[in-house]
$ cat my_file25.pdb   # PDB, C-alpha atoms
MODEL        1
ATOM      1  CA  MET A   1       0.000   0.000   0.000
ATOM      2  CA  LYS A   2       1.620   3.200  -1.232
ATOM      3  CA  LEU A   3       0.019   5.537   1.316
ATOM      4  CA  LYS A   4       0.600   3.506   4.460
ATOM      5  CA  ASP A   5       1.199   5.760   7.495
ATOM      6  CA  ARG A   6      -0.163   8.788   5.604
ATOM      7  CA  THR A   7      -3.136  10.856   6.722
ATOM      8  CA  ALA A   8      -5.509  12.604   4.337
ATOM      9  CA  LEU A   9      -8.248  15.196   4.615
ATOM     10  CA  VAL A  10     -10.803  15.080   1.786
ATOM     11  CA  THR A  11     -13.349  17.892   1.624
ATOM     12  CA  GLY A  12     -16.841  17.242   0.322
ATOM     13  CA  ALA A  13     -16.257  13.520   0.700
ATOM     14  CA  SER A  14     -19.739  12.305   1.560
ATOM     15  CA  ARG A  15     -20.713  11.600  -2.065
ATOM     16  CA  GLY A  16     -19.616  11.619  -5.687
ATOM     17  CA  ILE A  17     -15.989  12.147  -6.585
ATOM     18  CA  GLY A  18     -15.007  13.025  -3.004
ATOM     19  CA  ARG A  19     -16.398   9.756  -1.711
ATOM     20  CA  ALA A  20     -14.526   7.809  -4.391
ATOM     21  CA  ILE A  21     -11.292   9.608  -3.515
ATOM     22  CA  ALA A  22     -11.687   8.933   0.209
ATOM     23  CA  LEU A  23     -12.231   5.221  -0.457
ATOM     24  CA  ALA A  24      -9.311   5.044  -2.900
ATOM     25  CA  LEU A  25      -6.921   6.760  -0.485
ATOM     26  CA  ALA A  26      -7.967   4.390   2.284
ATOM     27  CA  GLU A  27      -7.461   1.418  -0.015
ATOM     28  CA  GLN A  28      -3.848   2.532  -0.418
ATOM     29  CA  GLY A  29      -3.385   2.661   3.364
ATOM     30  CA  ALA A  30      -4.113   6.278   4.266
ATOM     31  CA  ALA A  31      -6.169   7.292   7.273
ATOM     32  CA  VAL A  32      -8.901   9.592   5.985
ATOM     33  CA  ALA A  33     -10.826  12.513   7.446
ATOM     34  CA  VAL A  34     -14.130  12.578   5.559
ATOM     35  CA  ASN A  35     -15.436  16.134   5.479
ATOM     36  CA  TYR A  36     -19.087  16.992   4.870
ATOM     37  CA  ARG A  37     -21.205  20.120   5.095
ATOM     38  CA  SER A  38     -24.745  18.767   5.564
ATOM     39  CA  ARG A  39     -24.775  15.050   4.658
ATOM     40  CA  GLN A  40     -23.611  13.578   7.943
ATOM     41  CA  ASP A  41     -25.248  10.186   7.384
ATOM     42  CA  ASP A  42     -23.569   9.822   3.994
ATOM     43  CA  ALA A  43     -20.196  10.769   5.466
ATOM     44  CA  LEU A  44     -20.612   8.265   8.288
ATOM     45  CA  ALA A  45     -21.435   5.601   5.692
ATOM     46  CA  VAL A  46     -18.111   6.333   3.950
ATOM     47  CA  VAL A  47     -16.308   6.038   7.277
ATOM     48  CA  LYS A  48     -18.062   2.750   8.002
ATOM     49  CA  GLU A  49     -17.050   1.383   4.589
ATOM     50  CA  ILE A  50     -13.410   2.309   5.174
ATOM     51  CA  GLU A  51     -13.400   0.800   8.648
ATOM     52  CA  ALA A  52     -15.055  -2.383   7.390
ATOM     53  CA  ALA A  53     -12.104  -2.802   5.026
ATOM     54  CA  GLY A  54      -9.652  -2.418   7.915
ATOM     55  CA  GLY A  55      -8.866   1.283   7.496
ATOM     56  CA  ARG A  56      -9.070   4.335   9.760
ATOM     57  CA  ALA A  57     -11.441   7.202   9.098
ATOM     58  CA  VAL A  58     -13.452   9.903  10.817
ATOM     59  CA  ALA A  59     -16.294  12.144   9.636
ATOM     60  CA  ILE A  60     -15.970  15.862  10.339
ATOM     61  CA  GLY A  61     -18.584  18.474   9.530
ATOM     62  CA  ALA A  62     -17.507  21.907   8.308
ATOM     63  CA  ASP A  63     -18.398  24.468   5.663
ATOM     64  CA  VAL A  64     -15.077  25.108   3.925
ATOM     65  CA  ALA A  65     -16.404  28.360   2.458
ATOM     66  CA  ASP A  66     -15.963  29.750   5.982
ATOM     67  CA  PRO A  67     -12.256  30.274   6.782
ATOM     68  CA  LEU A  68     -12.751  29.719  10.514
ATOM     69  CA  GLN A  69     -14.563  26.424   9.932
ATOM     70  CA  ALA A  70     -11.798  25.367   7.551
ATOM     71  CA  GLN A  71      -9.235  26.042  10.286
ATOM     72  CA  HIS A  72     -11.229  24.020  12.803
ATOM     73  CA  LEU A  73     -11.626  21.220  10.266
ATOM     74  CA  ALA A  74      -7.881  20.884   9.773
ATOM     75  CA  ALA A  75      -7.262  21.089  13.515
ATOM     76  CA  GLU A  76      -9.859  18.433  14.351
ATOM     77  CA  ALA A  77      -8.624  16.108  11.609
ATOM     78  CA  THR A  78      -5.089  16.429  12.985
ATOM     79  CA  GLU A  79      -6.249  15.865  16.557
ATOM     80  CA  ARG A  80      -8.247  12.738  15.714
ATOM     81  CA  LEU A  81      -5.993  11.096  13.135
ATOM     82  CA  GLY A  82      -2.548  12.626  13.618
ATOM     83  CA  PRO A  83      -0.513  15.023  11.452
ATOM     84  CA  LEU A  84      -1.903  15.481   7.957
ATOM     85  CA  ASN A  85       0.153  14.654   4.856
ATOM     86  CA  ILE A  86      -2.480  14.906   2.120
ATOM     87  CA  LEU A  87      -5.165  17.497   1.463
ATOM     88  CA  VAL A  88      -7.736  16.912  -1.275
ATOM     89  CA  ASN A  89      -9.795  20.018  -1.975
ATOM     90  CA  ASN A  90     -12.871  18.475  -3.540
ATOM     91  CA  ALA A  91     -15.859  20.355  -2.072
ATOM     92  CA  GLY A  92     -17.839  22.041  -4.816
ATOM     93  CA  VAL A  93     -21.206  23.436  -5.815
ATOM     94  CA  SER A  94     -22.813  24.548  -9.058
ATOM     95  CA  ASP A  95     -25.503  27.056  -9.970
ATOM     96  CA  ASP A  96     -25.980  26.741 -13.710
ATOM     97  CA  GLY A  97     -27.673  29.391 -15.797
ATOM     98  CA  LEU A  98     -27.219  31.890 -18.568
ATOM     99  CA  ILE A  99     -25.483  35.093 -17.509
ATOM    100  CA  TYR A 100     -28.401  37.192 -18.770
ATOM    101  CA  ASP A 101     -30.961  35.219 -16.754
ATOM    102  CA  SER A 102     -28.950  34.988 -13.543
ATOM    103  CA  PRO A 103     -28.969  37.436 -10.637
ATOM    104  CA  PRO A 104     -25.909  39.687 -10.360
ATOM    105  CA  ASP A 105     -24.472  37.737  -7.419
ATOM    106  CA  ALA A 106     -24.986  34.251  -8.900
ATOM    107  CA  TRP A 107     -21.209  33.784  -9.022
ATOM    108  CA  LEU A 108     -20.575  34.514  -5.362
ATOM    109  CA  ASP A 109     -21.593  31.314  -3.555
ATOM    110  CA  VAL A 110     -20.042  29.152  -6.285
ATOM    111  CA  MET A 111     -16.755  31.032  -6.000
ATOM    112  CA  LYS A 112     -16.812  30.926  -2.196
ATOM    113  CA  VAL A 113     -16.998  27.136  -2.134
ATOM    114  CA  ASN A 114     -15.140  26.013  -5.253
ATOM    115  CA  PHE A 115     -12.228  28.416  -4.991
ATOM    116  CA  GLY A 116     -12.588  29.847  -1.488
ATOM    117  CA  GLY A 117     -12.872  26.419   0.122
ATOM    118  CA  ALA A 118      -9.629  25.263  -1.492
ATOM    119  CA  TYR A 119      -7.886  28.485  -0.518
ATOM    120  CA  HIS A 120      -9.098  28.279   3.078
ATOM    121  CA  CYS A 121      -8.186  24.619   3.579
ATOM    122  CA  THR A 122      -4.780  24.981   1.934
ATOM    123  CA  HIS A 123      -4.071  27.930   4.202
ATOM    124  CA  ALA A 124      -5.246  25.900   7.195
ATOM    125  CA  VAL A 125      -2.799  23.032   6.595
ATOM    126  CA  MET A 126       0.073  25.046   5.154
ATOM    127  CA  GLU A 127       2.024  25.560   8.367
ATOM    128  CA  GLN A 128       2.171  21.870   9.259
ATOM    129  CA  PHE A 129       2.830  20.874   5.638
ATOM    130  CA  MET A 130       5.745  23.305   5.378
ATOM    131  CA  ALA A 131       7.165  22.162   8.711
ATOM    132  CA  GLN A 132       7.153  18.457   7.869
ATOM    133  CA  GLY A 133       8.693  18.983   4.446
ATOM    134  CA  GLU A 134       6.752  16.305   2.582
ATOM    135  CA  ALA A 135       3.078  16.690   1.819
ATOM    136  CA  THR A 136       0.691  16.982  -1.103
ATOM    137  CA  VAL A 137      -2.316  19.074  -2.033
ATOM    138  CA  VAL A 138      -4.657  17.825  -4.747
ATOM    139  CA  ASN A 139      -7.337  20.174  -6.024
ATOM    140  CA  VAL A 140     -10.317  18.614  -7.750
ATOM    141  CA  SER A 141     -11.031  20.983 -10.604
ATOM    142  CA  SER A 142     -12.773  20.649 -13.942
ATOM    143  CA  ALA A 143     -12.065  20.773 -17.643
ATOM    144  CA  MET A 144     -14.579  23.634 -17.564
ATOM    145  CA  GLY A 145     -11.901  25.729 -15.894
ATOM    146  CA  GLU A 146      -9.901  25.688 -19.125
ATOM    147  CA  ARG A 147     -12.777  25.906 -21.657
ATOM    148  CA  GLY A 148     -16.182  27.539 -22.039
ATOM    149  CA  TRP A 149     -19.656  25.972 -21.934
ATOM    150  CA  ILE A 150     -23.117  27.503 -22.106
ATOM    151  CA  GLY A 151     -24.654  28.097 -18.688
ATOM    152  CA  GLN A 152     -21.412  27.400 -16.829
ATOM    153  CA  SER A 153     -19.930  30.882 -16.496
ATOM    154  CA  ASN A 154     -19.744  31.031 -12.704
ATOM    155  CA  TYR A 155     -18.683  27.386 -12.333
ATOM    156  CA  SER A 156     -16.036  27.702 -15.059
ATOM    157  CA  ALA A 157     -14.722  30.910 -13.512
ATOM    158  CA  SER A 158     -14.413  29.273 -10.091
ATOM    159  CA  LYS A 159     -12.506  26.319 -11.534
ATOM    160  CA  GLY A 160     -10.311  28.637 -13.607
ATOM    161  CA  ALA A 161      -9.407  30.428 -10.397
ATOM    162  CA  LEU A 162      -8.679  27.082  -8.757
ATOM    163  CA  ASN A 163      -6.375  26.102 -11.634
ATOM    164  CA  SER A 164      -4.413  29.343 -11.335
ATOM    165  CA  PHE A 165      -4.250  28.928  -7.571
ATOM    166  CA  THR A 166      -2.857  25.411  -8.066
ATOM    167  CA  ARG A 167       0.044  26.728 -10.144
ATOM    168  CA  CYS A 168       0.835  29.609  -7.804
ATOM    169  CA  ALA A 169       0.646  27.493  -4.643
ATOM    170  CA  ALA A 170       2.893  24.881  -6.258
ATOM    171  CA  VAL A 171       5.561  27.498  -6.933
ATOM    172  CA  GLU A 172       5.315  28.965  -3.419
ATOM    173  CA  LEU A 173       5.463  25.626  -1.623
ATOM    174  CA  ALA A 174       7.987  23.759  -3.773
ATOM    175  CA  ARG A 175      10.980  24.870  -1.688
ATOM    176  CA  PHE A 176       9.360  23.239   1.343
ATOM    177  CA  GLY A 177       8.898  19.911  -0.433
ATOM    178  CA  VAL A 178       5.137  20.379  -0.678
ATOM    179  CA  ARG A 179       3.576  19.487  -4.031
ATOM    180  CA  VAL A 180       0.329  21.000  -5.345
ATOM    181  CA  ASN A 181      -1.522  19.610  -8.359
ATOM    182  CA  ALA A 182      -5.055  19.447  -9.734
ATOM    183  CA  VAL A 183      -7.263  16.868 -11.385
ATOM    184  CA  LEU A 184      -9.445  18.370 -14.088
ATOM    185  CA  ALA A 185     -12.452  16.102 -14.337
ATOM    186  CA  GLY A 186     -14.440  15.911 -17.542
ATOM    187  CA  PHE A 187     -18.098  14.953 -17.699
ATOM    188  CA  THR A 188     -18.633  12.694 -14.695
ATOM    189  CA  PRO A 189     -22.230  11.796 -13.786
ATOM    190  CA  THR A 190     -22.758  12.930 -10.193
ATOM    191  CA  GLU A 191     -25.467  14.853  -8.366
ATOM    192  CA  LEU A 192     -23.454  18.045  -8.813
ATOM    193  CA  VAL A 193     -23.839  18.081 -12.599
ATOM    194  CA  GLU A 194     -27.090  16.148 -13.035
ATOM    195  CA  GLU A 195     -28.783  19.139 -14.702
ATOM    196  CA  VAL A 196     -26.347  18.874 -17.613
ATOM    197  CA  PHE A 197     -27.595  15.366 -18.388
ATOM    198  CA  GLN A 198     -31.328  16.005 -17.997
ATOM    199  CA  ARG A 199     -32.256  16.784 -21.603
ATOM    200  CA  ASP A 200     -31.410  13.455 -23.240
ATOM    201  CA  GLY A 201     -29.600  11.509 -20.559
ATOM    202  CA  GLY A 202     -26.311  12.983 -21.753
ATOM    203  CA  LYS A 203     -26.355  11.290 -25.180
ATOM    204  CA  SER A 204     -25.628  14.514 -27.076
ATOM    205  CA  ILE A 205     -22.666  15.246 -24.821
ATOM    206  CA  LYS A 206     -21.301  11.723 -25.025
ATOM    207  CA  ARG A 207     -21.181  12.017 -28.818
ATOM    208  CA  GLN A 208     -18.767  14.943 -28.399
ATOM    209  CA  ILE A 209     -16.288  12.960 -26.279
ATOM    210  CA  PRO A 210     -13.614  11.144 -28.327
ATOM    211  CA  LEU A 211     -13.782   8.061 -26.086
ATOM    212  CA  ARG A 212     -17.591   8.160 -26.327
ATOM    213  CA  ARG A 213     -18.158   7.573 -22.650
ATOM    214  CA  PHE A 214     -18.289   9.558 -19.419
ATOM    215  CA  ALA A 215     -15.702   9.376 -16.680
ATOM    216  CA  THR A 216     -16.481   7.362 -13.584
ATOM    217  CA  THR A 217     -15.854   8.734 -10.127
ATOM    218  CA  GLU A 218     -13.353   5.925  -9.626
ATOM    219  CA  GLN A 219     -11.327   7.037 -12.658
ATOM    220  CA  VAL A 220     -11.117  10.593 -11.364
ATOM    221  CA  ALA A 221     -10.218   9.251  -7.923
ATOM    222  CA  ALA A 222      -7.404   7.153  -9.387
ATOM    223  CA  ALA A 223      -5.842  10.295 -10.854
ATOM    224  CA  ALA A 224      -6.148  12.098  -7.513
ATOM    225  CA  VAL A 225      -4.512   9.211  -5.643
ATOM    226  CA  PHE A 226      -1.676   9.171  -8.185
ATOM    227  CA  LEU A 227      -1.019  12.878  -7.591
ATOM    228  CA  ALA A 228      -1.216  12.377  -3.814
ATOM    229  CA  GLY A 229       1.227   9.463  -3.781
ATOM    230  CA  PRO A 230       4.916   8.736  -4.312
ATOM    231  CA  ASP A 231       4.615   7.815  -8.001
ATOM    232  CA  SER A 232       4.125  11.518  -8.805
ATOM    233  CA  GLY A 233       6.992  12.658  -6.613
ATOM    234  CA  TYR A 234       8.490  14.954  -9.274
ATOM    235  CA  ILE A 235       5.190  16.470 -10.399
ATOM    236  CA  THR A 236       3.952  19.803  -9.082
ATOM    237  CA  GLY A 237       1.904  22.635 -10.550
ATOM    238  CA  GLU A 238       0.311  20.188 -12.980
ATOM    239  CA  LEU A 239      -3.296  20.186 -14.203
ATOM    240  CA  LEU A 240      -4.059  16.542 -14.999
ATOM    241  CA  THR A 241      -7.082  16.316 -17.278
ATOM    242  CA  VAL A 242      -9.325  13.254 -17.059
ATOM    243  CA  ASP A 243     -11.907  13.918 -19.743
ATOM    244  CA  GLY A 244     -11.772  11.216 -22.420
ATOM    245  CA  GLY A 245     -10.109  13.616 -24.851
ATOM    246  CA  PHE A 246     -12.877  16.215 -24.721
ATOM    247  CA  THR A 247     -10.614  19.266 -24.398
ATOM    248  CA  ALA A 248      -8.015  17.943 -26.839
ATOM    249  CA  GLN A 249     -10.193  18.773 -29.825
ATOM    250  CA  LEU A 250     -11.402  21.851 -31.675
ATOM    251  CA  GLY A 251     -15.167  22.154 -31.752
ATOM    252  CA  VAL A 252     -16.588  18.665 -31.817
ATOM    253  CA  GLY A 253     -13.388  17.274 -33.318
ATOM    254  CA  ARG A 254     -14.671  16.691 -36.850
ATOM    255  CA  PRO A 255     -15.833  18.714 -39.911
TER     256      PRO A 255
ENDMDL
END
$ encode --input "my_file25.pdb" --output "structure tokens"
Amino acid sequence: MKLKDRTALVTGASRGIGRAIALALAEQGAAVAVNYRSRQDDALAVVKEIEAAGGRAVAIGADVADPLQAQHLAAEATERLGPLNILVNNAGVSDDGLIYDSPPDAWLDVMKVNFGGAYHCTHAVMEQFMAQGEATVVNVSSAMGERGWIGQSNYSASKGALNSFTRCAAVELARFGVRVNAVLAGFTPTELVEEVFQRDGGKSIKRQIPLRRFATTEQVAAAAVFLAGPDSGYITGELLTVDGGFTAQLGVGRP
């Protein structure tokens, strides 16, 4: 197990991609703090699944959009599981809509969680990460942060900010031996993006993906675990895209 004796904090880990990442980290031997904002029962179910497989995990409630709660989250995770080595900033929200039809502040809550949560949690663990000299931050971003899509302006902007933050934090923390990378997920069916698939079950989108299939949460999690572990030891400031080739093409990739 490549993450034996490591301790991870995964935000927004009660469902979807965060849940898959928490389980995958535990499978590789890491103790995992499973953060949630409102879905306590779901978070406890993740903890129970990890413990049933012989791992260590705790569920900790906190709204990472609040910097004080993010600080308490990191402190409680450290107190209950020991010093942290891995932070996965996964917590995210969406509020899709055309710019014209949306209220002027429609971007604010999305930005507070998707970018602000990552900023707050990274700040919260930074001192201990810098002191120990070997730690990793993995930000769960989106291919939308590098491209445009109708109705995704606030979400795309928040993920674009997260991508830029990933690069800057990587440069700042490299001299301390702390690596910072991001996974840019493509279309991955979860509750967060279910509106995107409502019209035709996602068939029209799938036809635009070169591999002709959506990502699974487990595939995104595998990329996150790779960036968190020793096999990526010389990688920092990288945006690893897991999108089936979607952003590699111009338009829909054909005349």
$ residues_near_point --input "my_file25.pdb" --point "(-18.1, 16.7, -25.1)" --cutoff "8 Å" --atoms "all atoms listed in the file" --output "list in words"
Phe187, Ile205, Lys206, Arg207, Gln208, Ile209, Pro210, Phe246, Thr247 and Val252 of chain A
$ resolve_selection --input "my_file25.pdb" --expression "the PyMOL selection byres ((chain A and resi 121-133) around 7)" --output "PyMOL selection string"
chain A and resi 64+70-71+74+85+117-120+134-135+176-178
$ residues_around --input "my_file25.pdb" --residues "Val140 (chain A)" --least-positions-apart "2" --cutoff "9 Å" --atoms "only C-alpha atoms" --output "PyMOL selection string"
chain A and resi 17-18+88-92+138+142+159+162+181-185+220+224
$ atom_distance --input "my_file25.pdb" --atom1 "CA of Asp101 (chain A)" --atom2 "CA of Ser158 (chain A)"
18.8 Å
$ closest_residue --input "my_file25.pdb" --among "A:Val171, A:Leu240, A:Ala22, A:Ala248" --to "Val58 (chain A)" --atoms "only C-alpha atoms"
A:Ala22
$ closest_residue --input "my_file25.pdb" --among "A:Gln69, A:Arg167, A:Arg179, A:Ala33" --to "Ala57 (chain A)" --atoms "all atoms listed in the file"
A:Ala33
$ closest_residue --input "my_file25.pdb" --among "A:Leu227, A:Ala157, A:Ala26, A:Val46" --to "Ala13 (chain A)" --atoms "only C-alpha atoms"
A:Val46
$ resolve_selection --input "my_file25.pdb" --expression "the PyMOL selection byres ((chain A and resi 23) around 12)" --output "JSON, numbers by chain"
{"A": [8, 9, 10, 13, 14, 15, 16, 17, 18, 19, 20, 21, 22, 24, 25, 26, 27, 28, 29, 30, 31, 32, 33, 34, 43, 45, 46, 47, 48, 49, 50, 51, 52, 53, 54, 55, 56, 57, 217, 218, 221, 222, 224, 225]}
$ atom_distance --input "my_file25.pdb" --atom1 "CA of Thr236 (chain A)" --atom2 "CA of Arg6 (chain A)"
18.8 Å
$ atom_distance --input "my_file25.pdb" --atom1 "CA of Ala77 (chain A)" --atom2 "CA of Tyr36 (chain A)"
12.5 Å
$ closest_residue --input "my_file25.pdb" --among "A:Asp200, A:Glu172, A:Glu79, A:Asp63" --to "Val93 (chain A)" --atoms "all atoms listed in the file"
A:Asp63
$ closest_residue --input "my_file25.pdb" --among "A:Trp107, A:Phe214, A:Phe165, A:Trp149" --to "Ser94 (chain A)" --atoms "all atoms listed in the file"
A:Trp107
$ resolve_selection --input "my_file25.pdb" --expression "the PyMOL selection byres ((chain A and resi 144) around 8)" --output "JSON, numbers by chain"
{"A": [142, 143, 145, 146, 147, 148, 149, 152, 155, 156, 159, 160, 186]}
$ axis_aligned_box --input "my_file25.pdb" --around "region 139-151 of chain A" --padding-each-side "5 Å" --output "lines of an AutoDock Vina configuration file"
center_x = -16.0
center_y = 23.4
center_z = -14.1
size_x = 27.3
size_y = 19.5
size_z = 26.1
$ closest_residue --input "my_file25.pdb" --among "A:Gln40, A:Asn114, A:Ser153, A:Thr136" --to "Tyr100 (chain A)" --atoms "all atoms listed in the file"
A:Ser153
$ residues_near_point --input "my_file25.pdb" --point "(-20.1, 11.0, -11.8)" --cutoff "6 Å" --atoms "all atoms listed in the file" --output "PyMOL selection string"
chain A and resi 188-190+216-217
$ decode --input "my_file25.pdb" --residues "region 25-57 of chain A" --atoms "N, CA and C atoms" --output "compact mmCIF listing (two decimals), in the first residue's frame"
# COMPACT_ATOMS: atom_id res chain seq x y z
N LEU A 25 -8.05 6.45 -1.37
CA LEU A 25 -6.92 6.76 -0.49
C LEU A 25 -6.81 5.73 0.63
N ALA A 26 -7.96 5.38 1.21
CA ALA A 26 -7.97 4.39 2.28
C ALA A 26 -7.49 3.04 1.78
N GLU A 27 -7.87 2.69 0.57
CA GLU A 27 -7.46 1.42 -0.02
C GLU A 27 -5.94 1.33 -0.14
N GLN A 28 -5.31 2.49 -0.32
CA GLN A 28 -3.85 2.53 -0.42
C GLN A 28 -3.17 2.72 0.94
N GLY A 29 -3.96 2.67 2.03
CA GLY A 29 -3.39 2.66 3.36
C GLY A 29 -3.48 3.94 4.15
N ALA A 30 -4.02 5.00 3.56
CA ALA A 30 -4.11 6.28 4.27
C ALA A 30 -5.27 6.28 5.25
N ALA A 31 -5.06 6.95 6.39
CA ALA A 31 -6.17 7.29 7.27
C ALA A 31 -6.85 8.51 6.68
N VAL A 32 -8.18 8.57 6.73
CA VAL A 32 -8.90 9.59 5.99
C VAL A 32 -9.90 10.34 6.87
N ALA A 33 -9.81 11.65 6.85
CA ALA A 33 -10.83 12.51 7.45
C ALA A 33 -11.84 12.85 6.36
N VAL A 34 -13.06 12.42 6.55
CA VAL A 34 -14.13 12.58 5.56
C VAL A 34 -14.94 13.82 5.92
N ASN A 35 -14.72 14.89 5.19
CA ASN A 35 -15.44 16.13 5.48
C ASN A 35 -16.80 16.15 4.78
N TYR A 36 -17.77 16.78 5.45
CA TYR A 36 -19.09 16.99 4.87
C TYR A 36 -19.60 18.33 5.37
N ARG A 37 -20.56 18.90 4.64
CA ARG A 37 -21.20 20.12 5.10
C ARG A 37 -22.56 19.82 5.72
N SER A 38 -23.40 19.03 5.05
CA SER A 38 -24.75 18.77 5.56
C SER A 38 -25.13 17.29 5.55
N ARG A 39 -24.40 16.47 4.82
CA ARG A 39 -24.78 15.05 4.66
C ARG A 39 -24.01 14.17 5.65
N GLN A 40 -24.33 14.33 6.90
CA GLN A 40 -23.61 13.58 7.94
C GLN A 40 -23.79 12.07 7.78
N ASP A 41 -25.00 11.63 7.52
CA ASP A 41 -25.25 10.19 7.38
C ASP A 41 -24.44 9.59 6.24
N ASP A 42 -24.35 10.31 5.13
CA ASP A 42 -23.57 9.82 3.99
C ASP A 42 -22.08 9.75 4.34
N ALA A 43 -21.60 10.77 5.06
CA ALA A 43 -20.20 10.77 5.47
C ALA A 43 -19.90 9.63 6.42
N LEU A 44 -20.80 9.37 7.35
CA LEU A 44 -20.61 8.27 8.29
C LEU A 44 -20.63 6.92 7.56
N ALA A 45 -21.41 6.83 6.49
CA ALA A 45 -21.43 5.60 5.69
C ALA A 45 -20.09 5.38 5.00
N VAL A 46 -19.45 6.45 4.55
CA VAL A 46 -18.11 6.33 3.95
C VAL A 46 -17.11 5.85 5.00
N VAL A 47 -17.19 6.44 6.18
CA VAL A 47 -16.31 6.04 7.28
C VAL A 47 -16.51 4.56 7.60
N LYS A 48 -17.76 4.15 7.69
CA LYS A 48 -18.06 2.75 8.00
C LYS A 48 -17.49 1.81 6.95
N GLU A 49 -17.58 2.22 5.68
CA GLU A 49 -17.05 1.38 4.59
C GLU A 49 -15.53 1.26 4.69
N ILE A 50 -14.87 2.34 5.02
CA ILE A 50 -13.41 2.31 5.17
C ILE A 50 -13.01 1.43 6.35
N GLU A 51 -13.72 1.59 7.45
CA GLU A 51 -13.40 0.80 8.65
C GLU A 51 -13.68 -0.69 8.42
N ALA A 52 -14.73 -0.98 7.67
CA ALA A 52 -15.06 -2.38 7.39
C ALA A 52 -13.95 -3.06 6.59
N ALA A 53 -13.21 -2.27 5.82
CA ALA A 53 -12.10 -2.80 5.03
C ALA A 53 -10.79 -2.79 5.79
N GLY A 54 -10.85 -2.41 7.08
CA GLY A 54 -9.65 -2.42 7.91
C GLY A 54 -8.92 -1.10 8.00
N GLY A 55 -9.52 -0.02 7.48
CA GLY A 55 -8.87 1.28 7.50
C GLY A 55 -9.30 2.15 8.66
N ARG A 56 -8.73 3.34 8.73
CA ARG A 56 -9.07 4.33 9.76
C ARG A 56 -9.69 5.54 9.09
N ALA A 57 -10.78 6.04 9.67
CA ALA A 57 -11.44 7.20 9.10
C ALA A 57 -12.31 7.86 10.15
